[in-house]
file entry-v6.txt (compact mmCIF, C-alpha atoms)
# COMPACT_ATOMS: atom_id res chain seq x y z
CA MET A 1 -20.04 12.10 6.55
CA PRO A 2 -19.89 10.09 9.77
CA SER A 3 -16.79 8.12 10.57
CA ARG A 4 -17.44 4.39 10.72
CA ASN A 5 -13.96 3.70 11.97
CA THR A 6 -12.73 4.54 15.44
CA GLN A 7 -9.31 3.44 14.26
CA LEU A 8 -7.09 5.98 12.53
CA THR A 9 -7.54 5.68 8.78
CA ILE A 10 -5.33 6.71 5.92
CA LEU A 11 -5.45 6.37 2.15
CA LEU A 12 -2.33 5.40 0.20
CA LEU A 13 -2.49 6.76 -3.31
CA ASP A 14 0.39 5.05 -5.07
CA SER A 15 1.22 2.50 -7.73
CA ASP A 16 4.04 0.63 -5.99
CA LEU A 17 2.31 -2.51 -4.71
CA GLY A 18 5.19 -3.68 -2.51
CA PHE A 19 5.55 -0.27 -0.88
CA MET A 20 1.81 0.06 -0.23
CA LEU A 21 1.48 -3.43 1.24
CA ALA A 22 4.62 -3.16 3.39
CA LEU A 23 3.55 0.28 4.67
CA SER A 24 0.02 -0.98 5.34
CA HIS A 25 1.42 -3.86 7.40
CA ALA A 26 3.66 -1.49 9.36
CA LEU A 27 0.74 0.89 9.96
CA SER A 28 -1.55 -1.96 10.95
CA GLU A 29 0.93 -2.84 13.72
CA ARG A 30 0.54 0.77 14.86
CA HIS A 31 -3.28 0.44 14.83
CA ILE A 32 -3.69 2.54 11.70
CA SER A 33 -5.81 1.24 8.81
CA ALA A 34 -4.29 2.02 5.43
CA PHE A 35 -6.44 1.67 2.33
CA PRO A 36 -4.68 1.42 -1.04
CA ALA A 37 -5.69 3.08 -4.28
CA ALA A 38 -3.87 2.95 -7.59
CA SER A 39 -5.65 6.03 -8.94
CA VAL A 40 -7.55 9.06 -7.67
CA GLU A 41 -10.79 7.58 -9.00
CA GLU A 42 -10.18 4.37 -7.10
CA GLY A 43 -9.45 6.39 -3.95
CA GLU A 44 -12.67 8.34 -4.31
CA ARG A 45 -14.59 5.12 -4.87
CA LEU A 46 -13.13 3.54 -1.73
CA VAL A 47 -13.90 6.61 0.39
CA SER A 48 -17.47 6.66 -0.86
CA GLN A 49 -18.04 2.91 -0.69
CA PHE A 50 -16.74 2.46 2.85
CA GLN A 51 -17.78 5.95 4.00
CA LEU A 52 -14.24 6.56 5.16
CA ARG A 53 -13.39 9.65 7.12
CA LEU A 54 -9.71 9.94 6.36
CA ASP A 55 -7.27 11.03 9.04
CA GLY A 56 -4.63 11.31 6.37
CA ALA A 57 -3.40 10.42 2.93
CA VAL A 58 -0.12 9.65 1.24
CA ILE A 59 -0.25 11.07 -2.24
CA ASN A 60 1.93 11.34 -5.28
CA CYS A 61 1.43 14.95 -6.40
CA GLY A 62 2.55 14.06 -9.91
CA TRP A 63 -0.67 12.15 -10.47
CA PRO A 64 -3.54 13.85 -12.24
CA GLY A 65 -6.11 14.98 -9.69
CA ALA A 66 -4.01 14.10 -6.62
CA CYS A 67 -3.74 17.69 -5.37
CA GLU A 68 -7.49 18.25 -5.77
CA PHE A 69 -8.08 14.99 -3.95
CA SER A 70 -5.92 16.23 -1.06
CA GLU A 71 -7.91 19.46 -0.93
CA ALA A 72 -11.14 17.44 -0.76
CA VAL A 73 -9.73 15.31 2.08
CA LYS A 74 -8.79 18.48 3.99
CA GLN A 75 -12.24 19.94 3.40
CA GLN A 76 -13.88 16.82 4.79
CA ASN A 77 -11.50 16.70 7.76
CA PRO A 78 -9.41 19.85 8.34
CA GLY A 79 -7.21 17.90 10.73
CA ALA A 80 -6.27 15.34 8.06
CA GLN A 81 -2.55 14.96 7.55
CA ILE A 82 -1.35 14.83 3.95
CA VAL A 83 2.04 13.35 3.14
CA GLY A 84 3.44 13.94 -0.33
CA MET A 85 5.85 11.75 -2.27
CA ALA A 86 8.40 14.12 -3.77
CA THR A 87 10.99 13.29 -6.37
CA GLU A 88 14.13 15.25 -7.10
CA ARG A 89 12.50 16.53 -10.28
CA HIS A 90 8.96 17.07 -9.07
CA ARG A 91 8.02 19.14 -6.07
CA CYS A 92 4.43 20.23 -6.11
CA ARG A 93 3.66 23.90 -5.53
CA GLN A 94 -0.09 23.48 -5.83
CA CYS A 95 -0.53 21.47 -2.66
CA ALA A 96 2.67 22.42 -0.82
CA SER A 97 0.65 24.28 1.81
CA LEU A 98 -1.46 21.16 2.46
CA LEU A 99 1.48 18.85 3.13
CA ALA A 100 2.29 17.92 6.70
CA ALA A 101 5.35 15.95 5.61
CA THR A 102 7.16 14.74 2.54
CA PHE A 103 8.64 11.36 1.70
CA GLN A 104 11.53 11.30 -0.73
CA ASP A 105 10.95 9.19 -3.81
CA PRO A 106 12.71 6.79 -4.36
CA GLU A 107 14.83 6.94 -1.16
CA ASP A 108 11.92 6.45 1.27
CA ARG A 109 10.54 3.57 -0.80
CA ASP A 110 13.39 1.40 0.40
CA PRO A 111 12.21 -1.54 2.55
CA GLU A 112 14.47 -0.33 5.33
CA ARG A 113 12.65 3.03 5.38
CA ILE A 114 9.17 1.54 5.88
CA GLY A 115 9.46 1.80 9.67
CA HIS A 116 10.47 5.44 9.37
CA CYS A 117 7.53 6.19 7.05
CA ALA A 118 5.08 4.41 9.36
CA ASP A 119 6.48 6.23 12.43
CA THR A 120 6.14 9.60 10.67
CA ILE A 121 2.52 8.89 9.73
CA GLN A 122 1.71 7.64 13.23
CA THR A 123 3.19 10.75 14.86
CA LEU A 124 1.25 13.05 12.52
CA LEU A 125 -2.08 11.26 12.88
CA LYS A 126 -1.94 10.80 16.64
CA GLY A 127 -0.84 14.42 17.11
CA SER A 128 -3.73 15.62 15.01
CA ARG A 129 -6.25 13.47 16.86
CA ARG A 130 -4.91 14.69 20.22
CA ARG A 131 -5.29 18.30 19.09
CA ALA A 132 -8.83 17.62 17.90
CA HIS A 133 -9.68 16.04 21.26
CA ARG A 134 -8.26 19.02 23.15
CA ALA A 135 -10.16 21.45 20.95
CA GLY A 136 -13.35 19.46 21.55
CA ASN A 137 -12.85 19.46 25.31
CA ASN A 138 -12.21 23.21 25.38
CA ARG A 139 -15.53 23.99 23.72
CA MET B 1 41.92 3.99 -13.03
CA SER B 2 38.36 3.05 -12.25
CA PRO B 3 35.93 3.02 -15.18
CA ALA B 4 33.45 5.85 -15.54
CA PRO B 5 29.95 4.93 -14.32
CA SER B 6 27.89 3.78 -17.26
CA LEU B 7 24.51 5.27 -17.99
CA LYS B 8 23.18 1.79 -18.70
CA LEU B 9 24.08 0.59 -15.22
CA SER B 10 22.44 3.59 -13.57
CA LYS B 11 19.28 2.93 -15.53
CA VAL B 12 19.26 -0.70 -14.40
CA ALA B 13 19.73 0.41 -10.79
CA TYR B 14 16.92 2.95 -11.19
CA GLU B 15 14.55 0.36 -12.63
CA ARG B 16 15.49 -2.11 -9.91
CA ARG B 17 14.52 0.48 -7.28
CA HIS B 18 11.15 0.80 -8.96
CA HIS B 19 10.57 -2.94 -8.48
CA GLN B 20 11.91 -2.99 -4.95
CA ARG B 21 11.11 -6.26 -3.18
CA PHE B 22 9.57 -5.98 0.27
CA PRO B 23 9.83 -8.82 2.77
CA ILE B 24 6.15 -9.37 3.54
CA THR B 25 4.84 -12.48 5.24
CA ALA B 26 1.14 -12.79 4.53
CA GLN B 27 -1.29 -15.65 4.20
CA ALA B 28 -2.38 -16.09 0.60
CA GLN B 29 -4.86 -18.27 -1.16
CA TYR B 30 -4.00 -19.32 -4.70
CA ILE B 31 -6.09 -20.60 -7.56
CA LEU B 32 -4.18 -22.51 -10.23
CA ALA B 33 -5.87 -24.51 -12.96
CA GLY B 34 -9.10 -24.44 -10.98
CA THR B 35 -7.47 -25.80 -7.83
CA ARG B 36 -7.30 -23.78 -4.65
CA GLY B 37 -4.45 -23.93 -2.19
CA GLN B 38 -2.87 -21.99 0.65
CA GLY B 39 0.51 -20.36 0.77
CA VAL B 40 2.53 -17.70 2.51
CA THR B 41 4.22 -14.80 0.74
CA THR B 42 7.83 -14.09 1.63
CA ASP B 43 8.36 -11.01 -0.53
CA ILE B 44 6.30 -8.84 -2.83
CA SER B 45 7.16 -6.17 -5.37
CA SER B 46 5.19 -4.45 -8.10
CA GLY B 47 6.57 -7.01 -10.51
CA GLY B 48 6.31 -10.27 -8.58
CA VAL B 49 5.58 -12.33 -5.50
CA PHE B 50 7.47 -15.19 -3.92
CA LEU B 51 5.07 -17.74 -2.46
CA LYS B 52 5.83 -20.65 -0.16
CA THR B 53 3.43 -23.55 -0.60
CA ASP B 54 3.33 -27.10 0.70
CA ARG B 55 3.81 -28.46 -2.82
CA ILE B 56 5.85 -27.53 -5.86
CA LEU B 57 3.63 -25.69 -8.31
CA PRO B 58 3.95 -26.15 -12.09
CA ILE B 59 5.62 -23.31 -13.99
CA ASN B 60 4.35 -21.21 -16.90
CA ARG B 61 0.79 -21.38 -15.60
CA GLN B 62 -1.58 -18.57 -14.84
CA ILE B 63 -2.20 -18.20 -11.13
CA GLN B 64 -4.43 -15.99 -9.04
CA LEU B 65 -3.38 -14.96 -5.54
CA LEU B 66 -5.77 -13.60 -2.93
CA VAL B 67 -4.27 -11.69 -0.02
CA ASP B 68 -6.30 -9.98 2.70
CA TRP B 69 -5.31 -6.31 2.89
CA PRO B 70 -4.17 -5.37 6.43
CA ALA B 71 -6.75 -2.65 7.09
CA LEU B 72 -9.71 -2.83 9.41
CA LEU B 73 -13.11 -1.24 9.16
CA ASP B 74 -15.64 -1.99 11.89
CA GLN B 75 -13.22 -4.62 13.21
CA ARG B 76 -13.14 -6.57 9.98
CA CYS B 77 -10.91 -6.62 6.94
CA PRO B 78 -12.98 -5.26 4.05
CA LEU B 79 -10.48 -5.41 1.24
CA ARG B 80 -8.61 -8.09 -0.63
CA LEU B 81 -5.66 -7.83 -2.98
CA VAL B 82 -6.20 -9.99 -6.05
CA ILE B 83 -3.09 -10.69 -8.12
CA THR B 84 -3.20 -12.34 -11.52
CA GLY B 85 0.18 -13.66 -12.53
CA LYS B 86 2.24 -16.45 -14.00
CA THR B 87 4.38 -19.01 -12.22
CA LEU B 88 7.96 -18.38 -13.34
CA ARG B 89 10.10 -20.66 -11.17
CA SER B 90 9.18 -23.28 -8.65
CA ASP B 91 11.11 -25.54 -6.31
CA ALA B 92 10.98 -26.82 -2.77
CA ALA B 93 11.68 -23.31 -1.45
CA GLY B 94 8.59 -21.89 -3.14
CA THR B 95 7.24 -20.35 -6.33
CA ALA B 96 8.14 -17.09 -8.02
CA VAL B 97 5.07 -15.46 -9.53
CA GLY B 98 5.33 -12.67 -12.10
CA ILE B 99 2.50 -10.16 -11.73
CA ILE B 100 0.41 -9.53 -14.83
CA ARG B 101 -2.09 -7.28 -13.07
CA TYR B 102 -3.54 -6.67 -9.64
CA ASP B 103 -6.58 -5.02 -8.20
CA PHE B 104 -8.30 -4.43 -4.91
CA ARG B 105 -11.67 -6.02 -4.35
CA ILE B 106 -14.28 -5.85 -1.64
CA ARG B 107 -13.84 -8.89 0.53
CA PRO B 108 -17.03 -10.96 0.84
CA LYS B 109 -18.58 -10.50 4.28
CA ARG B 110 -18.77 -14.24 4.85
CA ALA B 111 -15.13 -14.85 3.96
CA THR B 112 -13.04 -16.05 6.85
CA PRO B 113 -9.44 -14.96 7.20
CA PHE B 114 -7.03 -17.36 5.57
CA ALA B 115 -5.98 -20.13 7.89
CA ALA B 116 -2.49 -19.86 9.30

call {"tool": "encode", "arguments": {"input": "entry-v6.txt", "output": "structure tokens"}}
result
Amino acid sequence: MPSRNTQLTILLLDSDLGFMLALSHALSERHISAFPAASVEEGERLVSQFQLRLDGAVINCGWPGACEFSEAVKQQNPGAQIVGMATERHRCRQCASLLAATFQDPEDRDPERIGHCADTIQTLLKGSRRRAHRAGNNR
Amino acid sequence: MSPAPSLKLSKVAYERRHHQRFPITAQAQYILAGTRGQGVTTDISSGGVFLKTDRILPINRQIQLLVDWPALLDQRCPLRLVITGKTLRSDAAGTAVGIIRYDFRIRPKRATPFAA
């Protein structure tokens, strides 16, 4: 599916409204568009409706269908960077190999950690896009 | 001797973390009793929003808040956060709104960004 956005685009699959909005603002300042979804179905609907080509996703692996969603994102864009929210009790084995980074839940949900989260996502996404560019130029 | 940490307190702290308030300044449009107005959010959590408006809003009323989501697609903002809530407290500093539900809606193409 063609990308309609030249800007880096990420999907936030989470249910914490404050966290999603604060992170989206921080990412927007870094020229990254973050689309929110409160369920996997909503995420899929957004991707389809806006024809998004995701450069990444922040997912909560504890959610039903989240790991499969991550696999689908990676299939659509192998360079996509997946960040998982991990709690002390829940660390996902199913999509561990897909994760480029992990945020600690609830520690990284703190307002003071938003900048750190946004910086991590920015580094991952820009690195991936640079690698894709280089690979394209070498062909 | 200091008292042993109580389980009840830890639970309160845990729940508080789950409704962490984030200092977010965003233009918002509100609809209250059929009247539209403009405001600015000062903080938002999953449970509530604090909204600064140019007038004191009545309490215990249902209110709808519209906030443009800060994401761009083709150089325009395509998504809007729509919060349905209830005014809990209101004074000259602003209005505390408890969130009943929220959803994300496609922003009408003709809609202009909220005035600053």

call {"tool": "axis_aligned_box", "arguments": {"input": "entry-v6.txt", "around": "range 25-30 of chain B", "padding_each_side": "6 Å", "output": "AutoDock Vina command-line options"}}
result
--center_x 0.0 --center_y -15.9 --center_z 0.3 --size_x 21.7 --size_y 18.8 --size_z 21.9

call {"tool": "interface_residues", "arguments": {"input": "entry-v6.txt", "of": "chain A", "to": "chain B", "cutoff": "7 Å", "atoms": "only C-alpha atoms", "output": "mmCIF file with C-alpha atoms, in the coordinates of the input"}}
result
data_model
loop_
_atom_site.group_PDB
_atom_site.id
_atom_site.type_symbol
_atom_site.label_atom_id
_atom_site.label_comp_id
_atom_site.auth_asym_id
_atom_site.auth_seq_id
_atom_site.Cartn_x
_atom_site.Cartn_y
_atom_site.Cartn_z
ATOM 1 C CA ARG A 4 -17.440 4.390 10.720
ATOM 2 C CA ASN A 5 -13.960 3.700 11.970
ATOM 3 C CA ASP A 16 4.040 0.630 -5.990
ATOM 4 C CA LEU A 17 2.310 -2.510 -4.710
ATOM 5 C CA GLY A 18 5.190 -3.680 -2.510
ATOM 6 C CA ALA A 22 4.620 -3.160 3.390
ATOM 7 C CA SER A 24 0.020 -0.980 5.340
ATOM 8 C CA HIS A 25 1.420 -3.860 7.400
ATOM 9 C CA SER A 28 -1.550 -1.960 10.950
ATOM 10 C CA SER A 33 -5.810 1.240 8.810
ATOM 11 C CA ALA A 34 -4.290 2.020 5.430
ATOM 12 C CA PHE A 35 -6.440 1.670 2.330
ATOM 13 C CA PRO A 111 12.210 -1.540 2.550
#

call {"tool": "residues_around", "arguments": {"input": "entry-v6.txt", "residues": "range 83-92 of chain A", "least_positions_apart": "2", "cutoff": "9 Å", "atoms": "only C-alpha atoms", "output": "list in words"}}
result
Gly56, Ala57, Val58, Ile59, Asn60, Cys61, Gly62, Cys67, Gln81, Gln94, Cys95, Ala96, Leu98, Leu99, Ala100, Ala101, Thr102, Phe103, Gln104, Asp105, Pro106, Asp108 and Ile121 of chain A

call {"tool": "atom_distance", "arguments": {"input": "entry-v6.txt", "atom1": "CA of Gly65 in chain A", "atom2": "CA of Gln51 in chain A"}}
result
20.1 Å

call {"tool": "residues_around", "arguments": {"input": "entry-v6.txt", "residues": "Lys86 in chain B", "least_positions_apart": "5", "cutoff": "12 Å", "atoms": "all atoms listed in the file", "output": "compact mmCIF listing (two decimals) with C-alpha atoms, keeping the file's coordinate frame"}}
result
# COMPACT_ATOMS: atom_id res chain seq x y z
CA TYR B 30 -4.00 -19.32 -4.70
CA ILE B 31 -6.09 -20.60 -7.56
CA LEU B 32 -4.18 -22.51 -10.23
CA ALA B 33 -5.87 -24.51 -12.96
CA GLY B 47 6.57 -7.01 -10.51
CA GLY B 48 6.31 -10.27 -8.58
CA VAL B 49 5.58 -12.33 -5.50
CA PHE B 50 7.47 -15.19 -3.92
CA LEU B 51 5.07 -17.74 -2.46
CA LEU B 57 3.63 -25.69 -8.31
CA PRO B 58 3.95 -26.15 -12.09
CA ILE B 59 5.62 -23.31 -13.99
CA ASN B 60 4.35 -21.21 -16.90
CA ARG B 61 0.79 -21.38 -15.60
CA GLN B 62 -1.58 -18.57 -14.84
CA ILE B 63 -2.20 -18.20 -11.13
CA GLN B 64 -4.43 -15.99 -9.04
CA LEU B 65 -3.38 -14.96 -5.54
CA THR B 95 7.24 -20.35 -6.33
CA ALA B 96 8.14 -17.09 -8.02
CA VAL B 97 5.07 -15.46 -9.53
CA GLY B 98 5.33 -12.67 -12.10
CA ILE B 99 2.50 -10.16 -11.73
CA ILE B 100 0.41 -9.53 -14.83
CA ARG B 101 -2.09 -7.28 -13.07

call {"tool": "residues_near_point", "arguments": {"input": "entry-v6.txt", "point": "(-6.0, 7.5, -6.2)", "cutoff": "12 Å", "atoms": "all atoms listed in the file", "output": "PyMOL selection string"}}
result
chain A and resi 11-15+35-47+57-70+73
